[in-house]
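Engineer: So here's input_27.txt, just compact mmCIF, C-alpha atoms and all ligand atoms:
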# COMPACT_ATOMS: atom_id res chain seq x y z
CA MET A 1 -17.31 -8.40 6.14
CA LYS A 2 -17.46 -6.92 9.62
CA PHE A 3 -13.89 -8.07 10.11
CA GLN A 4 -12.77 -6.26 6.95
CA LEU A 5 -14.49 -3.10 8.11
CA ILE A 6 -12.63 -3.34 11.40
CA CYS A 7 -9.41 -3.75 9.41
CA ALA A 8 -10.16 -0.59 7.47
CA LEU A 9 -10.89 1.36 10.64
CA ILE A 10 -7.67 0.18 12.28
CA ALA A 11 -5.72 1.20 9.17
CA LEU A 12 -7.40 4.62 9.22
CA ILE A 13 -6.50 5.14 12.87
CA PHE A 14 -2.88 4.22 12.14
CA ALA A 15 -2.77 6.59 9.18
CA VAL A 16 -4.28 9.46 11.15
CA SER A 17 -1.90 8.93 14.04
CA SER A 18 1.03 8.91 11.56
CA LEU A 19 2.53 5.84 13.19
CA GLU A 20 2.75 4.33 9.76
CA THR A 21 3.40 6.60 6.83
CA GLN A 22 1.37 6.67 3.65
CA ALA A 23 4.00 4.97 1.49
CA GLN A 24 2.14 1.67 1.80
CA MET A 25 -0.25 2.84 -0.90
CA LEU A 26 2.53 2.71 -3.48
CA PRO A 27 3.00 -0.56 -5.32
CA CYS A 28 5.52 -3.05 -4.05
CA GLY A 29 8.83 -3.55 -5.83
CA THR A 30 9.32 -7.19 -4.87
CA LYS A 31 9.36 -9.49 -7.88
CA VAL A 32 9.06 -13.26 -7.68
CA THR A 33 11.81 -14.90 -9.73
CA LYS A 34 11.92 -18.39 -11.19
CA ALA A 35 14.33 -19.39 -8.42
CA ASP A 36 11.88 -18.03 -5.79
CA ARG A 37 9.06 -20.11 -7.24
CA GLU A 38 11.16 -23.26 -7.41
CA TYR A 39 12.32 -22.80 -3.83
CA ALA A 40 8.77 -22.39 -2.55
CA LEU A 41 7.43 -25.36 -4.49
CA GLU A 42 10.28 -27.58 -3.37
CA HIS A 43 10.76 -26.60 0.26
CA LEU A 44 7.79 -24.87 1.76
CA SER A 45 4.53 -26.10 3.19
CA ASN A 46 1.21 -25.11 1.71
CA SER A 47 -0.90 -27.33 3.93
CA ARG A 48 -4.39 -26.11 4.72
CA SER A 49 -4.66 -27.77 8.10
CA ALA A 50 -1.28 -28.25 9.77
CA PRO A 51 -0.90 -26.55 13.15
CA VAL A 52 1.09 -23.34 12.87
CA THR A 53 4.66 -23.69 14.08
CA ARG A 54 5.72 -21.42 16.91
CA LEU A 55 9.35 -20.38 16.71
CA PHE A 56 10.17 -18.54 19.96
CA ARG A 57 12.94 -16.69 18.17
CA LYS A 58 13.93 -13.06 17.79
CA ILE A 59 15.46 -11.46 14.69
CA SER A 60 17.82 -8.51 15.14
CA ILE A 61 17.29 -5.58 12.80
CA THR A 62 19.97 -3.15 11.71
CA ALA A 63 18.04 -0.01 10.75
CA HIS A 64 19.88 2.07 8.14
CA ILE A 65 18.22 5.48 7.90
CA VAL A 66 19.30 7.43 4.85
CA LYS A 67 19.92 11.17 5.02
CA ASP A 68 18.54 13.38 2.26
CA SER A 69 20.31 16.28 0.55
CA LEU A 70 18.93 18.76 3.09
CA GLY A 71 20.19 16.74 6.04
CA GLY A 72 16.79 15.35 6.96
CA PHE A 73 16.03 11.68 7.44
CA ALA A 74 13.52 9.47 5.71
CA VAL A 75 11.99 8.39 9.03
CA THR A 76 12.59 8.97 12.71
CA GLU A 77 13.82 6.28 15.06
CA GLY A 78 10.47 6.57 16.82
CA GLN A 79 8.58 5.78 13.61
CA VAL A 80 10.77 2.72 13.03
CA LEU A 81 10.23 1.49 16.59
CA ALA A 82 6.47 1.99 16.31
CA ALA A 83 6.37 0.02 13.05
CA VAL A 84 8.47 -2.79 14.55
CA GLU A 85 6.12 -2.93 17.54
CA SER A 86 3.19 -3.27 15.17
CA LEU A 87 5.12 -5.97 13.24
CA ASN A 88 5.80 -7.86 16.46
CA SER A 89 2.15 -7.77 17.34
CA ILE A 90 1.14 -9.51 14.12
CA MET A 91 4.06 -11.98 14.19
CA ASP A 92 3.22 -13.11 17.70
CA THR A 93 1.11 -15.89 16.15
CA ILE A 94 4.32 -17.74 15.22
CA LYS A 95 6.25 -16.36 18.21
CA LEU A 96 8.74 -14.59 15.98
CA SER A 97 9.78 -11.14 17.14
CA PHE A 98 12.01 -8.40 15.83
CA GLU A 99 14.23 -5.97 17.69
CA VAL A 100 16.20 -3.02 16.37
CA CYS A 101 19.70 -3.70 17.67
CA ASP A 102 21.32 -0.75 15.91
CA PHE A 103 20.30 2.48 14.23
CA ARG A 104 22.78 3.68 11.62
CA GLU A 105 22.74 6.95 9.73
CA VAL A 106 23.57 6.64 6.03
CA GLU A 107 25.19 9.87 4.94
CA ASN A 108 25.10 9.33 1.17
CA HIS A 109 22.03 11.30 0.08
CA ASN A 110 22.16 9.74 -3.39
CA PHE A 111 20.44 6.77 -1.81
CA SER A 112 17.60 8.93 -0.48
CA LYS A 113 15.83 8.62 -3.83
CA LEU A 114 16.91 5.08 -4.44
CA ILE A 115 16.94 3.83 -8.01
CA ARG A 116 17.19 0.14 -7.31
CA GLU A 117 18.88 -0.94 -10.51
CA GLU A 118 21.58 1.73 -10.23
CA GLU A 119 22.20 2.32 -6.54
CA GLU A 120 21.09 -0.63 -4.46
CA ALA A 121 24.26 -2.68 -4.85
CA GLU A 122 26.45 0.18 -3.61
CA MET A 123 24.10 1.03 -0.75
CA ILE A 124 24.12 -2.55 0.48
CA ALA A 125 27.86 -3.04 -0.06
CA LEU A 126 28.65 0.01 2.05
CA ASN A 127 25.99 -0.55 4.70
CA TYR A 128 25.30 -4.14 5.71
CA GLN A 129 25.50 -6.01 8.97
CA VAL A 130 25.74 -9.77 8.60
CA ASN A 131 23.45 -12.02 10.64
CA THR A 132 20.89 -9.27 11.06
CA LEU A 133 17.91 -8.19 8.98
CA ASN A 134 19.14 -5.04 7.27
CA MET A 135 16.28 -2.57 6.85
CA TYR A 136 16.98 0.50 4.76
CA PHE A 137 14.71 3.52 5.14
CA VAL A 138 14.78 5.95 2.22
CA LYS A 139 12.55 8.80 1.01
CA GLU A 140 11.71 7.28 -2.38
CA ILE A 141 12.23 3.97 -4.13
CA TRP A 142 12.17 3.50 -7.90
CA VAL A 143 12.06 0.01 -9.38
CA GLY A 144 11.89 -0.45 -13.13
CA GLY A 145 11.14 3.24 -13.59
CA ALA A 146 8.13 3.24 -11.23
CA PRO A 147 7.82 4.38 -7.62
CA ALA A 148 7.51 1.68 -4.98
CA GLY A 149 6.66 1.63 -1.29
CA GLY A 150 9.27 -1.00 -0.60
CA TYR A 151 10.77 -4.29 -1.63
CA ALA A 152 12.43 -7.29 -0.06
CA TYR A 153 14.49 -10.31 -0.96
CA LEU A 154 12.72 -13.65 -0.86
CA PRO A 155 14.41 -16.73 0.68
CA GLY A 156 17.84 -17.34 -0.79
CA GLY A 157 18.49 -13.61 -1.15
CA PRO A 158 20.38 -11.31 1.22
CA ASP A 159 18.86 -10.16 4.52
CA VAL A 160 17.50 -6.97 3.02
CA VAL A 161 14.24 -5.04 3.21
CA VAL A 162 14.10 -1.55 1.68
CA LEU A 163 11.28 0.80 2.67
CA ALA A 164 10.07 4.27 1.68
CA GLY A 165 8.68 5.25 5.06
CA THR A 166 7.51 2.46 7.33
CA GLY A 167 4.02 1.66 6.07
CA ALA A 168 4.97 -1.37 3.98
CA MET A 169 7.06 -3.05 6.70
CA LYS A 170 4.71 -5.97 7.43
CA HIS A 171 4.11 -6.61 3.73
CA GLU A 172 7.82 -6.59 2.88
CA VAL A 173 8.75 -8.74 5.88
CA GLY A 174 6.09 -11.12 4.57
CA HIS A 175 8.03 -11.34 1.30
CA TYR A 176 11.30 -11.64 3.20
CA LEU A 177 9.80 -14.68 4.96
CA GLY A 178 8.69 -16.30 1.72
CA LEU A 179 5.23 -14.93 0.96
CA PHE A 180 4.11 -13.99 -2.53
CA HIS A 181 1.37 -11.51 -3.39
CA THR A 182 -2.14 -12.95 -3.16
CA PHE A 183 -2.51 -12.08 -6.86
CA GLU A 184 0.76 -13.66 -7.97
CA THR A 185 0.38 -15.28 -11.38
CA SER A 186 3.94 -16.11 -12.36
CA VAL A 187 3.30 -19.79 -11.60
CA GLY A 188 -0.19 -19.62 -13.12
CA GLY A 189 -3.50 -18.12 -12.08
CA GLU A 190 -5.23 -19.61 -9.06
CA PHE A 191 -8.82 -20.78 -9.52
CA VAL A 192 -11.58 -19.46 -7.28
CA ASN A 193 -12.32 -23.06 -6.26
CA LEU A 194 -8.66 -23.37 -5.14
CA SER A 195 -8.28 -26.71 -6.94
CA ASN A 196 -4.81 -25.68 -8.11
CA CYS A 197 -3.80 -23.72 -4.99
CA GLU A 198 -0.71 -25.83 -4.32
CA THR A 199 0.85 -25.06 -7.67
CA ALA A 200 -0.57 -21.67 -8.71
CA GLY A 201 -1.13 -18.18 -7.41
CA ASP A 202 0.64 -17.46 -4.13
CA LEU A 203 1.09 -21.21 -3.41
CA VAL A 204 -0.85 -20.80 -0.16
CA CYS A 205 -4.13 -22.68 -0.02
CA ASP A 206 -6.09 -20.65 2.50
CA THR A 207 -5.78 -17.32 0.70
CA ASP A 208 -8.60 -17.00 -1.81
CA ALA A 209 -7.81 -16.38 -5.46
CA ASP A 210 -7.22 -12.70 -6.15
CA PRO A 211 -7.80 -11.12 -9.59
CA TYR A 212 -6.07 -7.85 -8.63
CA PHE A 213 -4.86 -5.55 -11.39
CA PRO A 214 -3.92 -1.88 -10.94
CA GLU A 215 -7.19 -0.50 -12.32
CA ILE A 216 -9.49 -2.81 -10.37
CA GLU A 217 -12.07 -0.84 -8.43
CA TYR A 218 -13.01 -1.51 -4.83
CA ASP A 219 -14.62 0.27 -1.93
CA PRO A 220 -11.89 1.00 0.64
CA ILE A 221 -14.43 1.33 3.46
CA THR A 222 -16.52 -1.81 2.98
CA CYS A 223 -13.63 -3.67 1.32
CA ASN A 224 -15.70 -5.08 -1.53
CA LEU A 225 -14.96 -5.09 -5.23
CA THR A 226 -17.34 -2.71 -7.01
CA GLU A 227 -17.63 -4.99 -10.06
CA THR A 228 -17.77 -8.75 -10.28
CA TRP A 229 -14.92 -10.67 -11.84
CA ALA A 230 -14.91 -14.35 -12.72
CA ASP A 231 -12.16 -16.87 -13.40
CA SER A 232 -12.02 -19.12 -16.47
CA ASN A 233 -14.41 -21.56 -14.76
CA GLY A 234 -16.97 -18.77 -14.41
CA ASP A 235 -16.61 -18.66 -10.62
CA LEU A 236 -16.76 -15.18 -9.08
CA TYR A 237 -13.71 -13.95 -7.23
CA VAL A 238 -13.98 -13.07 -3.55
CA PRO A 239 -10.41 -11.92 -3.01
CA PRO A 240 -8.78 -11.80 0.43
CA MET A 241 -8.87 -8.01 0.53
CA ASP A 242 -7.93 -7.87 4.21
CA ASN A 243 -4.74 -9.81 3.57
CA ILE A 244 -1.45 -7.97 4.06
CA MET A 245 0.00 -9.55 0.93
CA SER A 246 -2.83 -8.14 -1.21
CA TYR A 247 -2.89 -4.69 -2.78
CA TYR A 248 -6.17 -3.42 -1.36
CA GLY A 249 -4.59 -0.53 0.57
CA PRO A 250 -6.50 0.27 3.75
CA CYS A 251 -8.29 -3.09 3.88
CA ARG A 252 -5.12 -5.00 4.67
CA CYS A 253 -4.49 -6.12 8.23
CA ARG A 254 -3.96 -9.87 8.55
CA PHE A 255 -2.02 -12.89 7.46
CA SER A 256 -3.73 -16.24 6.93
CA ARG A 257 -2.89 -19.40 8.84
CA GLY A 258 -1.21 -20.85 5.75
CA GLN A 259 0.87 -17.71 5.33
CA TYR A 260 2.00 -17.91 8.95
CA GLN A 261 3.07 -21.50 8.34
CA ARG A 262 4.90 -20.46 5.17
CA MET A 263 6.77 -17.76 7.11
CA ALA A 264 7.69 -20.16 9.93
CA ASP A 265 8.87 -22.74 7.39
CA THR A 266 10.91 -20.10 5.60
CA TYR A 267 12.58 -19.01 8.81
CA LEU A 268 13.52 -22.59 9.70
CA GLN A 269 14.59 -23.53 6.17
CA SER A 270 16.43 -20.45 5.14
CA ARG A 271 16.79 -17.71 7.75
CA ALA A 272 17.41 -19.61 10.99
CA TYR A 273 20.89 -18.13 11.34
CA LEU A 274 19.17 -14.87 12.24
CA TRP A 275 18.34 -14.54 15.89
ZN ZN B 301 4.81 -6.99 -2.28
In structure tokens, write the structure found in this file.
Ligand SMILES: [Zn+2]
Structural biologist:
Amino acid sequence: MKFQLICALIALIFAVSSLETQAQMLPCGTKVTKADREYALEHLSNSRSAPVTRLFRKISITAHIVKDSLGGFAVTEGQVLAAVESLNSIMDTIKLSFEVCDFREVENHNFSKLIREEEEAEMIALNYQVNTLNMYFVKEIWVGGAPAGGYAYLPGGPDVVVLAGTGAMKHEVGHYLGLFHTFETSVGGEFVNLSNCETAGDLVCDTDADPYFPEIEYDPITCNLTETWADSNGDLYVPPMDNIMSYYGPCRCRFSRGQYQRMADTYLQSRAYLW
């Protein structure tokens, strides 16, 4: 619990210092498809105990910053660099680092309020650098008619992360490197006792089962649920509220060991051409 409180305080300091914008509080637009699930089940480790692989590799980022109709930009280069520095800090566990190799201004202000279904294909077609991670920074993202803080393509997809601001960068890079939400249920709900953790939930066995739904209430300071929730076995959930792939806003600040291994596996299996 003390650790979660520290997480919340760190998040608060970041928010106050404006190094990471507030867009991380918006929901995420990344959706896990059937192909994503099959890929993860077939290729990726979910071991609880294997030593975490260290990659000693660097991924180049092409940062596409979209101009709005008034000529302003969604983020500054300084904000992007600060977010990448913070990303590098947390990815040091698997010795994977990121470096912005190019900043590009995107002049088409139609993309500033990006409606994914209508405009993403054109934005990517016109602005994409192969063999780099293409990060697009826009003012607003709309996915399925709802605002989103960002989204990413899971393994097998293009090298694309789209962000409204910079606050969701670690979360979306987590998706990009093969992580699902801690509350993912598309392959079935994970039990609190983790007996089905290899085939349900986020397919990572050291992230506790997470009952998250948009109306769930929690204390953002102590990072506790304010009501108890139980799974179908009657076991009470203790969700990993400090996990970056959860949705518990300011509580989020870490990846689990199993998630690090999943990201390292994903890099080696599906993104190793990036470096
Ligand atoms: Zn997400």
Engineer: From the list A:Lys170, A:Lys139, A:His64, A:His175, which residue is nearest ligand ZN 301 (chain B) when using only C-alpha atoms and all ligand atoms?
Structural biologist: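 The answer is A:His175, which sits nearest to ligand ZN 301 (chain B).
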Engineer: What residues have any atom no more than 7 Å from ligand ZN 301 (chain B) when counting all atoms listed in the file, and can you list them as JSON, numbers by chain?
Structural biologist: {"A": [28, 29, 30, 151, 171, 172, 175, 181, 245]}
Engineer: I need the residue nearest Cys253 (chain A) from this list: A:Val100, A:Leu133, A:Met123, A:Met241. Use all atoms listed in the file for the distance.
Structural biologist: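 Among the listed residues, the smallest separation from Cys253 (chain A) belongs to A:Met241.
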Engineer: In Å to one decimal, how far is CA of Val80 (chain A) from CA of Arg116 (chain A)?
Structural biologist: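 Computing the Euclidean distance for CA of Arg116 (chain A) and CA of Val80 (chain A) yields 21.5 Å.
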Engineer: As an exercise, work out the distance from CA of Glu38 (chain A) to CA of Gly156 (chain A) in Å and give it to one decimal place.
Structural biologist: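 A separation of 11.1 Å between them.
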Engineer: Since the input is missing atoms for region 215-232 of chain A, could you rebuild it with N, CA and C atoms and give the result as a short mmCIF file (atom, residue, chain, number, x, y, z; two decimals), in the coordinates of the input?
Structural biologist:
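After the write, result.cif holds the following:
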data_model
loop_
_atom_site.label_atom_id
_atom_site.label_comp_id
_atom_site.auth_asym_id
_atom_site.auth_seq_id
_atom_site.Cartn_x
_atom_site.Cartn_y
_atom_site.Cartn_z
N GLU A 215 -5.99 -1.31 -12.12
CA GLU A 215 -7.19 -0.50 -12.32
C GLU A 215 -8.43 -1.08 -11.65
N ILE A 216 -8.30 -2.19 -10.96
CA ILE A 216 -9.49 -2.81 -10.37
C ILE A 216 -10.10 -1.85 -9.35
N GLU A 217 -11.42 -1.80 -9.32
CA GLU A 217 -12.07 -0.84 -8.43
C GLU A 217 -12.67 -1.56 -7.23
N TYR A 218 -12.47 -0.94 -6.06
CA TYR A 218 -13.01 -1.51 -4.83
C TYR A 218 -13.36 -0.38 -3.88
N ASP A 219 -14.23 -0.72 -2.94
CA ASP A 219 -14.62 0.27 -1.93
C ASP A 219 -13.68 0.12 -0.73
N PRO A 220 -12.87 1.14 -0.44
CA PRO A 220 -11.89 1.00 0.64
C PRO A 220 -12.51 1.02 2.04
N ILE A 221 -13.78 1.33 2.14
CA ILE A 221 -14.43 1.33 3.46
C ILE A 221 -15.06 -0.04 3.73
N THR A 222 -15.87 -0.51 2.76
CA THR A 222 -16.52 -1.81 2.98
C THR A 222 -15.62 -2.97 2.56
N CYS A 223 -14.55 -2.65 1.81
CA CYS A 223 -13.63 -3.67 1.32
C CYS A 223 -14.34 -4.72 0.46
N ASN A 224 -15.09 -4.23 -0.51
CA ASN A 224 -15.70 -5.08 -1.53
C ASN A 224 -15.26 -4.58 -2.90
N LEU A 225 -15.14 -5.52 -3.85
CA LEU A 225 -14.96 -5.09 -5.23
C LEU A 225 -16.24 -4.40 -5.68
N THR A 226 -16.13 -3.41 -6.55
CA THR A 226 -17.34 -2.71 -7.01
C THR A 226 -17.87 -3.28 -8.32
N GLU A 227 -17.14 -4.23 -8.90
CA GLU A 227 -17.63 -4.99 -10.06
C GLU A 227 -17.36 -6.45 -9.77
N THR A 228 -18.08 -7.33 -10.46
CA THR A 228 -17.77 -8.75 -10.28
C THR A 228 -16.78 -9.20 -11.35
N TRP A 229 -15.90 -10.09 -10.93
CA TRP A 229 -14.92 -10.67 -11.84
C TRP A 229 -14.95 -12.17 -11.67
N ALA A 230 -14.83 -12.89 -12.78
CA ALA A 230 -14.91 -14.35 -12.72
C ALA A 230 -13.64 -14.97 -13.31
N ASP A 231 -13.30 -16.15 -12.82
CA ASP A 231 -12.16 -16.87 -13.40
C ASP A 231 -12.60 -17.66 -14.64
N SER A 232 -11.71 -18.43 -15.20
CA SER A 232 -12.02 -19.12 -16.47
C SER A 232 -13.06 -20.23 -16.28
#
